[in-house]
>>> print(open('data15.cif').read())   # mmCIF, C-alpha atoms
data_my_file
#
loop_
_atom_site.label_atom_id
_atom_site.label_comp_id
_atom_site.auth_asym_id
_atom_site.auth_seq_id
_atom_site.Cartn_x
_atom_site.Cartn_y
_atom_site.Cartn_z
CA MET A 2 0.00 0.00 0.00
CA LYS A 3 2.85 2.35 0.86
CA THR A 4 4.63 1.49 -2.39
CA ASN A 5 1.42 2.21 -4.29
CA LYS A 6 1.19 5.65 -2.67
CA THR A 7 4.83 6.36 -3.52
CA ILE A 8 4.27 5.42 -7.16
CA LYS A 9 1.18 7.61 -7.28
CA GLY A 10 3.07 10.53 -5.75
CA ILE A 11 5.98 10.23 -8.18
CA SER A 12 3.62 9.84 -11.14
CA ILE A 13 1.59 12.91 -10.16
CA ALA A 14 4.78 14.96 -9.70
CA LEU A 15 6.18 13.90 -13.09
CA PHE A 16 2.80 14.54 -14.74
CA CYS A 17 2.64 18.07 -13.32
CA ILE A 18 6.25 18.81 -14.30
CA ALA A 19 5.65 17.56 -17.84
CA ILE A 20 2.45 19.60 -18.27
CA VAL A 21 3.97 22.80 -16.85
CA SER A 22 7.11 22.37 -18.97
CA PHE A 23 5.02 21.71 -22.07
CA ALA A 24 2.89 24.82 -21.48
CA ALA A 25 5.92 27.05 -20.82
CA ILE A 26 7.84 25.81 -23.87
CA TRP A 27 4.78 26.06 -26.09
CA VAL A 28 4.00 29.66 -25.07
CA HIS A 29 7.64 30.72 -25.44
CA TYR A 30 8.20 29.26 -28.89
CA GLU A 31 4.74 30.25 -30.11
CA ASN A 32 5.41 33.90 -29.25
CA GLN A 33 8.89 33.68 -30.74
CA ALA A 34 7.63 32.16 -34.01
CA THR A 35 4.72 34.63 -34.25
CA HIS A 36 6.98 37.64 -33.79
CA TYR A 37 9.44 36.26 -36.34
CA ILE A 38 6.75 35.78 -38.99
CA GLN A 39 5.27 39.21 -38.28
CA ALA A 40 8.72 40.76 -38.74
CA ARG A 41 9.37 38.90 -41.98
CA LEU A 42 6.09 39.63 -43.79
CA PRO A 43 6.75 43.37 -44.47
CA VAL A 44 10.22 42.52 -45.80
CA VAL A 45 8.94 39.69 -47.99
CA ILE A 46 6.06 41.71 -49.49
CA LYS A 47 8.52 44.48 -50.38
CA ASN A 48 10.88 41.98 -52.03
CA ALA A 49 7.98 40.36 -53.89
CA VAL A 50 6.86 43.75 -55.27
CA GLN A 51 10.39 44.52 -56.45
CA ILE A 52 10.82 41.11 -58.09
CA ASN A 53 7.48 41.45 -59.86
CA ALA A 54 8.35 44.93 -61.13
CA ARG A 55 11.81 43.83 -62.23
CA GLU A 56 10.56 40.75 -64.09
CA LYS A 57 7.56 42.35 -65.83
CA GLY A 58 8.11 46.08 -65.78
CA VAL A 59 9.71 48.38 -68.39
CA PHE A 60 11.23 51.64 -67.24
CA PHE A 61 8.78 54.46 -67.96
CA GLN A 62 10.78 56.66 -70.34
CA VAL A 63 8.43 59.67 -70.21
CA ALA A 64 8.94 60.11 -66.50
CA ARG A 65 12.70 59.72 -66.57
CA PHE A 66 14.77 62.61 -65.39
CA SER A 67 18.28 63.11 -64.18
CA ILE A 68 18.77 62.90 -60.43
CA ASP A 69 21.07 65.22 -58.54
CA PRO A 70 21.96 63.74 -55.12
CA GLN A 71 21.51 67.20 -53.62
CA ASP A 72 17.85 67.25 -54.77
CA ILE A 73 16.83 63.95 -53.06
CA GLY A 74 13.87 64.65 -50.82
CA LYS A 75 12.73 67.68 -52.81
CA PHE A 76 9.81 67.82 -55.25
CA LYS A 77 10.19 68.32 -58.98
CA GLU A 78 7.54 69.12 -61.58
CA VAL A 79 7.06 66.33 -64.14
CA PHE A 80 4.83 66.26 -67.26
CA PHE A 81 2.86 63.08 -68.03
CA ARG A 82 0.94 62.09 -71.21
CA ASP A 83 -1.01 58.90 -71.83
CA LYS A 84 -3.07 58.64 -75.04
CA ASP A 85 -5.58 61.48 -74.76
CA THR A 86 -4.66 62.37 -71.19
CA CYS A 87 -1.89 64.65 -70.01
CA PHE A 88 -1.12 66.40 -66.77
CA THR A 89 1.70 67.82 -64.73
CA TYR A 90 2.46 66.53 -61.26
CA GLN A 91 4.92 67.06 -58.44
CA SER A 92 7.25 64.08 -58.02
CA LYS A 93 9.42 63.59 -54.97
CA VAL A 94 13.04 63.17 -55.91
CA VAL A 95 14.43 59.84 -54.71
CA ASP A 96 17.51 57.73 -55.42
CA MET A 97 17.76 56.07 -58.82
CA GLU A 98 16.89 52.53 -57.64
CA THR A 99 13.70 53.68 -55.88
CA HIS A 100 12.84 55.89 -58.86
CA ILE A 101 13.12 52.94 -61.25
CA GLN A 102 11.01 50.71 -59.03
CA ARG A 103 8.24 53.32 -58.73
CA ASN A 104 8.25 53.90 -62.46
CA ARG A 105 8.02 50.21 -63.27
CA GLN A 106 5.11 49.69 -60.91
CA THR A 107 3.30 52.70 -62.33
CA ASN A 108 3.88 51.42 -65.86
CA LEU A 109 2.52 47.96 -64.90
CA LEU A 110 -0.57 49.55 -63.37
CA LEU A 111 -1.26 51.72 -66.44
CA ASN A 112 -0.93 48.69 -68.72
CA ASN A 113 -3.11 46.44 -66.52
CA LYS A 114 -0.20 44.12 -65.72
CA LEU A 115 -0.04 44.69 -61.97
CA HIS A 116 -2.00 41.80 -60.41
CA SER A 117 -2.29 40.72 -56.78
CA THR A 118 -2.20 37.00 -57.71
CA ASP A 119 1.27 37.44 -59.24
CA ILE A 120 2.51 39.18 -56.11
CA LYS A 121 1.07 36.41 -53.95
CA GLN A 122 2.77 33.66 -55.98
CA ILE A 123 6.14 35.37 -55.62
CA MET A 124 5.52 35.97 -51.92
CA ASP A 125 4.53 32.32 -51.32
CA SER A 126 7.74 31.21 -53.02
CA LEU A 127 9.87 33.55 -50.89
CA LEU A 128 8.14 32.44 -47.68
CA ARG A 129 8.60 28.74 -48.48
CA GLN A 130 12.33 29.36 -48.69
CA GLU A 131 12.12 30.46 -45.04
CA ASN A 132 9.89 27.48 -44.11
CA ILE A 133 6.86 29.72 -43.64
CA ARG A 134 3.48 28.58 -44.93
CA LEU A 135 0.35 30.49 -44.02
CA PRO A 136 -2.96 31.51 -45.62
CA MET A 137 -3.00 35.14 -46.71
CA SER A 138 -4.59 37.57 -49.10
CA ILE A 139 -2.69 40.25 -51.04
CA GLY A 140 -4.44 43.49 -52.06
CA ILE A 141 -3.35 46.24 -54.46
CA LYS A 142 -5.06 49.64 -54.19
CA SER A 143 -4.66 52.90 -56.14
CA SER A 144 -7.01 55.88 -56.19
CA PHE A 145 -5.73 58.54 -58.58
CA TYR A 146 -5.47 58.05 -62.31
CA LYS A 147 -6.00 54.27 -62.50
CA LYS A 148 -8.36 53.36 -59.67
CA THR A 149 -7.70 49.78 -58.50
CA ASP A 150 -8.84 47.51 -55.68
CA ASP A 151 -7.50 44.05 -56.55
CA TRP A 152 -7.29 41.16 -54.04
CA SER A 153 -5.75 37.75 -54.60
CA THR A 154 -8.45 36.01 -52.53
CA ASP A 155 -11.60 36.96 -50.68
CA THR A 156 -10.53 38.40 -47.32
CA THR A 157 -13.67 37.06 -45.65
CA GLN A 158 -12.37 33.52 -46.23
CA ILE A 159 -9.31 34.15 -44.07
CA ALA A 160 -9.37 34.40 -40.29
CA SER A 161 -6.86 37.24 -40.43
CA ASN A 162 -4.97 38.02 -37.22
CA PHE A 163 -2.15 40.09 -38.73
CA THR A 164 -2.04 42.83 -41.36
CA THR A 165 0.81 44.81 -42.87
CA SER A 166 1.14 47.28 -45.74
CA ILE A 167 3.63 49.18 -47.88
CA LEU A 168 2.25 52.47 -49.16
CA GLY A 169 2.98 55.06 -51.87
CA GLN A 170 4.91 52.78 -54.21
CA GLY A 171 3.94 54.46 -57.48
CA ASP A 172 5.31 57.56 -59.16
CA PHE A 173 2.39 59.91 -59.60
CA GLU A 174 0.02 57.07 -58.63
CA ASP A 175 -0.06 56.10 -54.94
CA ILE A 176 0.07 52.32 -55.20
CA ASP A 177 -0.54 50.56 -51.87
CA TYR A 178 0.05 46.88 -51.11
CA HIS A 179 -1.82 45.21 -48.23
CA VAL A 180 -1.31 41.78 -46.66
CA TYR A 181 -3.92 39.99 -44.56
CA ALA A 182 -2.43 36.86 -42.96
CA ASP A 183 -3.58 34.11 -40.60
CA ILE A 184 -0.63 33.24 -38.33
CA SER A 185 -1.98 30.07 -36.71
CA LEU A 186 -0.67 26.68 -35.63
CA PRO A 187 0.19 25.35 -39.13
CA ALA A 188 2.35 28.45 -39.70
CA ILE A 189 4.24 28.36 -36.39
CA TRP A 190 4.53 24.56 -36.07
CA PRO A 191 7.77 24.29 -38.16
CA PHE A 192 9.45 26.65 -35.66
CA MET A 193 8.44 24.62 -32.60
CA PRO A 194 10.82 22.16 -30.85
CA ARG A 195 8.79 19.16 -32.00
CA THR A 196 11.05 16.46 -30.51
CA LEU A 197 10.91 18.06 -27.07
CA ILE A 198 7.14 18.61 -27.32
CA PHE A 199 6.50 14.98 -28.28
CA PHE A 200 8.76 13.80 -25.44
CA LEU A 201 6.91 15.91 -22.86
CA LEU A 202 3.55 14.71 -24.19
CA LEU A 203 4.78 11.12 -23.98
CA VAL A 204 5.91 11.63 -20.37
CA ALA A 205 2.61 13.34 -19.48
CA GLY A 206 0.61 10.55 -21.13
CA ALA A 207 2.59 7.77 -19.48
CA THR A 208 2.49 9.31 -16.01
CA GLY A 209 -1.19 10.21 -16.43
CA CYS A 210 -2.01 6.60 -17.29
CA SER A 211 0.08 5.47 -14.31
CA VAL A 212 -1.89 7.75 -11.97
CA VAL A 213 -5.22 6.50 -13.33
CA TYR A 214 -4.06 2.90 -13.05
CA CYS A 215 -2.90 3.36 -9.46
CA TYR A 216 -6.25 4.86 -8.47
CA LYS A 217 -8.39 2.30 -10.27
CA ARG A 218 -6.48 -0.95 -9.90
CA LYS A 219 -7.69 -3.46 -7.38
CA PRO A 220 -5.37 -4.86 -4.71
CA SER A 221 -3.61 -7.97 -5.96
CA THR A 222 -5.06 -11.31 -4.87
CA ASN A 223 -2.14 -13.32 -6.26
CA LEU A 224 -0.16 -13.20 -3.00
CA THR A 225 0.72 -16.53 -1.44
CA ILE A 226 -1.54 -17.85 1.27
CA GLU A 227 1.33 -17.39 3.76
CA LYS A 228 1.46 -13.65 3.02
CA ARG A 229 -2.33 -13.35 3.24
CA ILE A 230 -2.35 -15.07 6.62
CA PHE A 231 0.40 -12.72 7.76
CA LEU A 232 -1.76 -9.76 6.72
CA LEU A 233 -4.58 -11.21 8.78
CA GLY A 234 -2.34 -11.36 11.84
CA CYS A 235 -2.26 -15.15 12.03
CA LYS A 236 0.86 -16.93 13.22
CA GLU A 237 1.28 -19.78 10.72
CA ASN A 238 -0.51 -21.85 8.12
CA ASN A 239 -1.17 -24.86 10.35
CA SER A 240 -3.27 -22.99 12.90
CA PRO A 241 -4.85 -25.32 15.53
CA PHE A 242 -8.24 -23.90 14.54
CA TYR A 243 -8.19 -26.15 11.47
CA ALA A 244 -8.21 -29.48 13.34
CA GLU A 245 -9.81 -28.49 16.62
CA ARG A 246 -12.86 -26.69 15.31
CA THR A 247 -13.76 -27.45 11.71
CA TYR A 248 -11.89 -30.65 10.86
CA ILE A 249 -11.15 -29.10 7.46
CA TYR A 250 -7.90 -27.45 6.48
CA ILE A 251 -5.97 -26.03 3.53
CA ASP A 252 -2.98 -27.96 2.23
CA ASN A 253 -1.07 -27.24 -0.98
CA HIS A 254 -4.00 -25.28 -2.52
CA PHE A 255 -6.52 -28.01 -1.70
CA LEU A 256 -9.33 -27.98 0.86
CA LYS A 257 -9.01 -31.24 2.81
CA GLY A 258 -10.93 -32.88 5.63
CA GLY A 259 -14.09 -33.64 3.70
CA LYS A 260 -14.95 -36.63 1.58
CA VAL A 261 -13.26 -35.02 -1.45
CA ASP A 262 -10.13 -32.90 -1.69
CA ALA A 263 -11.32 -29.76 -3.52
CA ARG A 264 -8.83 -27.61 -5.47
CA LEU A 265 -8.86 -23.96 -4.41
CA SER A 266 -8.58 -20.94 -6.66
CA PRO A 267 -6.28 -18.17 -5.28
CA ARG A 268 -9.20 -15.97 -4.21
CA VAL A 269 -11.22 -18.77 -2.63
CA GLU A 270 -8.10 -20.02 -0.82
CA VAL A 271 -7.60 -16.61 0.76
CA LEU A 272 -11.32 -16.29 1.56
CA LEU A 273 -11.56 -19.65 3.35
CA ALA A 274 -8.28 -19.02 5.20
CA MET A 275 -9.83 -15.86 6.64
CA PHE A 276 -12.72 -17.84 8.10
CA LEU A 277 -10.60 -20.75 9.31
CA HIS A 278 -8.32 -18.35 11.21
CA SER A 279 -11.17 -16.43 12.82
CA PRO A 280 -11.87 -17.44 16.46
CA ASN A 281 -15.63 -17.65 15.88
CA LEU A 282 -15.43 -18.47 12.15
CA GLN A 283 -16.77 -15.03 11.20
CA VAL A 284 -15.32 -12.31 8.94
CA ARG A 285 -16.75 -8.84 8.49
CA LYS A 286 -18.05 -7.97 5.02
CA SER A 287 -16.21 -4.66 5.18
CA TYR A 288 -12.88 -6.43 5.66
CA ILE A 289 -13.51 -8.83 2.78
CA LYS A 290 -14.27 -5.82 0.62
CA TYR A 291 -11.12 -3.99 1.73
CA LEU A 292 -8.82 -6.99 1.31
CA PHE A 293 -9.98 -7.90 -2.20
CA TRP A 294 -11.11 -4.58 -3.74
CA GLY A 295 -9.57 -1.83 -1.65
CA SER A 296 -11.41 1.49 -1.82
CA ALA A 297 -13.58 0.63 -4.83
CA GLU A 298 -17.19 1.72 -4.36
CA ASP A 299 -19.55 -0.78 -6.02
CA THR A 300 -18.26 -4.23 -4.99
CA MET A 301 -21.40 -5.93 -3.66
CA GLY A 302 -21.84 -8.00 -6.81
CA ASN A 303 -18.18 -9.08 -6.77
CA MET A 304 -18.39 -10.03 -3.10
CA THR A 305 -21.55 -12.10 -3.64
CA SER A 306 -19.84 -13.90 -6.53
CA LEU A 307 -16.77 -14.67 -4.39
CA ILE A 308 -18.89 -15.99 -1.50
CA ASN A 309 -20.79 -18.21 -3.97
CA GLN A 310 -17.48 -19.59 -5.22
CA GLY A 311 -16.50 -20.38 -1.63
CA ARG A 312 -19.82 -22.14 -1.04
CA LYS A 313 -19.37 -24.14 -4.24
CA THR A 314 -15.90 -25.25 -3.15
CA LEU A 315 -17.18 -26.33 0.28
CA ASP A 316 -19.96 -28.25 -1.43
CA GLU A 317 -17.47 -29.98 -3.75
CA ALA A 318 -15.39 -31.02 -0.75
CA GLN A 319 -18.51 -32.56 0.86
CA CYS A 320 -17.26 -31.38 4.25
CA GLY A 321 -20.58 -30.40 5.78
CA TRP A 322 -19.76 -26.70 6.11
CA ILE A 323 -21.24 -23.61 4.39
CA LEU A 324 -20.78 -19.85 4.28
CA ILE A 325 -23.88 -17.95 5.40
CA SER A 326 -25.03 -14.47 6.33
CA GLU A 327 -27.28 -14.56 9.42
CA HIS A 328 -29.66 -12.01 7.91
CA LYS A 329 -29.77 -9.46 5.06
CA LYS A 330 -28.31 -6.61 7.12
CA ALA A 331 -25.68 -8.71 8.89
CA LYS A 332 -22.21 -7.15 8.93
CA HIS A 333 -20.34 -10.45 8.62
CA TYR A 334 -20.36 -13.88 6.98
CA THR A 335 -20.09 -17.07 9.04
CA LEU A 336 -18.56 -20.47 8.29
CA LYS A 337 -21.17 -22.82 9.78
CA GLU A 338 -21.55 -26.59 10.04
CA VAL A 339 -24.74 -27.90 8.46
CA THR A 340 -24.42 -31.68 9.05
CA THR A 341 -24.77 -33.73 12.24
CA ILE A 342 -21.40 -34.89 13.56
CA ASP A 343 -20.76 -37.51 16.24
CA GLU A 344 -19.40 -35.36 19.08
CA SER A 345 -18.40 -38.39 21.13
CA SER A 346 -15.82 -39.37 18.56
CA ARG A 347 -14.14 -36.00 18.77
CA GLU A 348 -11.71 -34.72 21.29
CA LYS A 349 -13.05 -31.95 23.42
CA THR A 350 -11.66 -28.60 22.50
CA LYS A 351 -11.11 -25.53 24.51
CA SER A 352 -13.49 -22.62 24.19
CA PHE A 353 -12.84 -19.62 21.98
CA SER A 354 -13.66 -15.94 22.25
CA SER A 355 -16.80 -14.61 20.67
CA TYR A 356 -15.42 -11.75 18.54
CA SER A 357 -15.07 -11.61 14.75
CA ILE A 358 -11.81 -11.16 12.94
CA TYR A 359 -11.36 -7.44 12.10
#
>>> encode(input="data15.cif", output="structure tokens")
Amino acid sequence: MKTNKTIKGISIALFCIAIVSFAAIWVHYENQATHYIQARLPVVIKNAVQINAREKGVFFQVARFSIDPQDIGKFKEVFFRDKDTCFTYQSKVVDMETHIQRNRQTNLLLNNKLHSTDIKQIMDSLLRQENIRLPMSIGIKSSFYKKTDDWSTDTTQIASNFTTSILGQGDFEDIDYHVYADISLPAIWPFMPRTLIFFLLLVAGATGCSVVYCYKRKPSTNLTIEKRIFLLGCKENNSPFYAERTYIYIDNHFLKGGKVDARLSPRVEVLLAMFLHSPNLQVRKSYIKYLFWGSAEDTMGNMTSLINQGRKTLDEAQCGWILISEHKKAKHYTLKEVTTIDESSREKTKSFSSYSIY
């Protein structure tokens, strides 16, 4: 019993440690992976826009002008003509690389070649290189000369929990790129310490099963009869009560003393030993329940079945004894003689006390 409690205590401690460790590691790495993905998305969308413009765009010759490094940050008047439309606009002077990128994007927009699906394909490819896979929708918006509101997928189909944007990417046209992303378990799972997580879950599962088993298992009834008698407080297997009072006894897993030697099952052997070692051949029902089933609640049916097995064994031995309960509410069972025996042929025995065992 003490060993069982020790095992339960160790199992509960290991289970709690595994669960707490799992929760702490999960929260830490989940936050770390989420912040990493959130930091990478603005960079990746910017790279995807540049790759798309570089692969498909042609530098817009009309808007080209020489750049003086001293003028960067200032505004310069530029004339634009497209078919039957012309206007003059103020363009902010930037470095040559940024100027080329803005021109290419503007040219793609004017020629209906700037599509959100193309940006998304490039972005998916770049993210896969970093082992990032997540559902997202890319949107392209412009509201001046060429009004556009193009989305790669319906945003209502994505449970978006993160958004990012890069704005003002055109020349005279303010081209804005928006990203709606769902950073959930499938996206962060590749960044989790999976081996450690599986190990902690395995430990938690094993210790949890051990705890449940320790609470639900019944006390073992496979102990030797000598150990059972020791638990009952009896001195030795050949107690004088066998010969002096019942004329039946247990020997090498057989019930002897009757007309037939009846083989005993482990449970029935323990049960009958309890009665044979009781001064008045009585054993409390509560002790039978405790010895065979411990703290289990509903054991009445099991106890009745065990008593019936004991009665059957006594009947097979044809010894003239039976297990009975004096009345329905009696707190004990009694081993009682039911046949007439010639008292004159028996040696007188000393009297015994009138209490029940346990």
>>> residues_around(input="data15.cif", residues="Lys75 of chain A", least_positions_apart="2", cutoff="6 Å", atoms="all atoms listed in the file", output="short mmCIF file (atom, residue, chain, number, x, y, z; two decimals) with C-alpha atoms, in the frame of the given file")
data_model
loop_
_atom_site.label_atom_id
_atom_site.label_comp_id
_atom_site.auth_asym_id
_atom_site.auth_seq_id
_atom_site.Cartn_x
_atom_site.Cartn_y
_atom_site.Cartn_z
CA ASP A 72 17.85 67.25 -54.77
CA ILE A 73 16.83 63.95 -53.06
CA LYS A 93 9.42 63.59 -54.97
CA VAL A 94 13.04 63.17 -55.91
#
>>> resolve_selection(input="data15.cif", expression="the PyMOL selection byres ((chain A and resi 166-170) around 10)", output="ChimeraX atom specification")
/A:42-44,46-47,50,99-100,102-107,139-143,164-165,171-181
>>> closest_atom_pairs(input="data15.cif", of="segment 303-337 of chain A", to="segment 253-256 of chain A", cutoff="12 Å", atoms="all atoms listed in the file", output="Markdown table")
| residue | atom | partner | partner_atom | distance |
| --- | --- | --- | --- | --- |
| A:Gly311 | CA | A:Leu256 | CA | 10.7 |
| A:Lys313 | CA | A:Leu256 | CA | 11.9 |
| A:Thr314 | CA | A:Leu256 | CA | 8.2 |
| A:Leu315 | CA | A:Leu256 | CA | 8.0 |
| A:Asp316 | CA | A:Leu256 | CA | 10.9 |
| A:Glu317 | CA | A:Leu256 | CA | 9.6 |
| A:Ala318 | CA | A:Leu256 | CA | 7.0 |
| A:Gln319 | CA | A:Leu256 | CA | 10.3 |
| A:Cys320 | CA | A:Leu256 | CA | 9.3 |
| A:Trp322 | CA | A:Leu256 | CA | 11.7 |
>>> resolve_selection(input="data15.cif", expression="the PyMOL selection byres ((chain A and resi 193-201) around 9)", output="VMD selection string")
chain A and resid 19 to 20 22 to 23 26 to 27 30 to 31 34 189 to 192 202 to 206
>>> resolve_selection(input="data15.cif", expression="the PyMOL selection byres ((chain A and resi 251) around 9)", output="ChimeraX atom specification")
/A:238-239,243,249-250,252-258,265,270,273-274
>>> closest_residue(input="data15.cif", among="A:Lys260, A:Lys217, A:His333, A:Arg312", to="Ser296 of chain A", atoms="all atoms listed in the file")
A:Lys217
>>> closest_residue(input="data15.cif", among="A:Ser153, A:Gln283, A:Thr300, A:Ser126", to="Asn48 of chain A", atoms="all atoms listed in the file")
A:Ser126
>>> closest_residue(input="data15.cif", among="A:Leu115, A:Ile38, A:Lys337, A:Ala54", to="Asp183 of chain A", atoms="all atoms listed in the file")
A:Ile38
>>> closest_residue(input="data15.cif", among="A:Lys147, A:Leu272, A:Leu15, A:Ala182", to="Asp125 of chain A", atoms="all atoms listed in the file")
A:Ala182
>>> atom_distance(input="data15.cif", atom1="atom CA of Phe163 of chain A", atom2="atom CA of Met137 of chain A")
9.4 Å
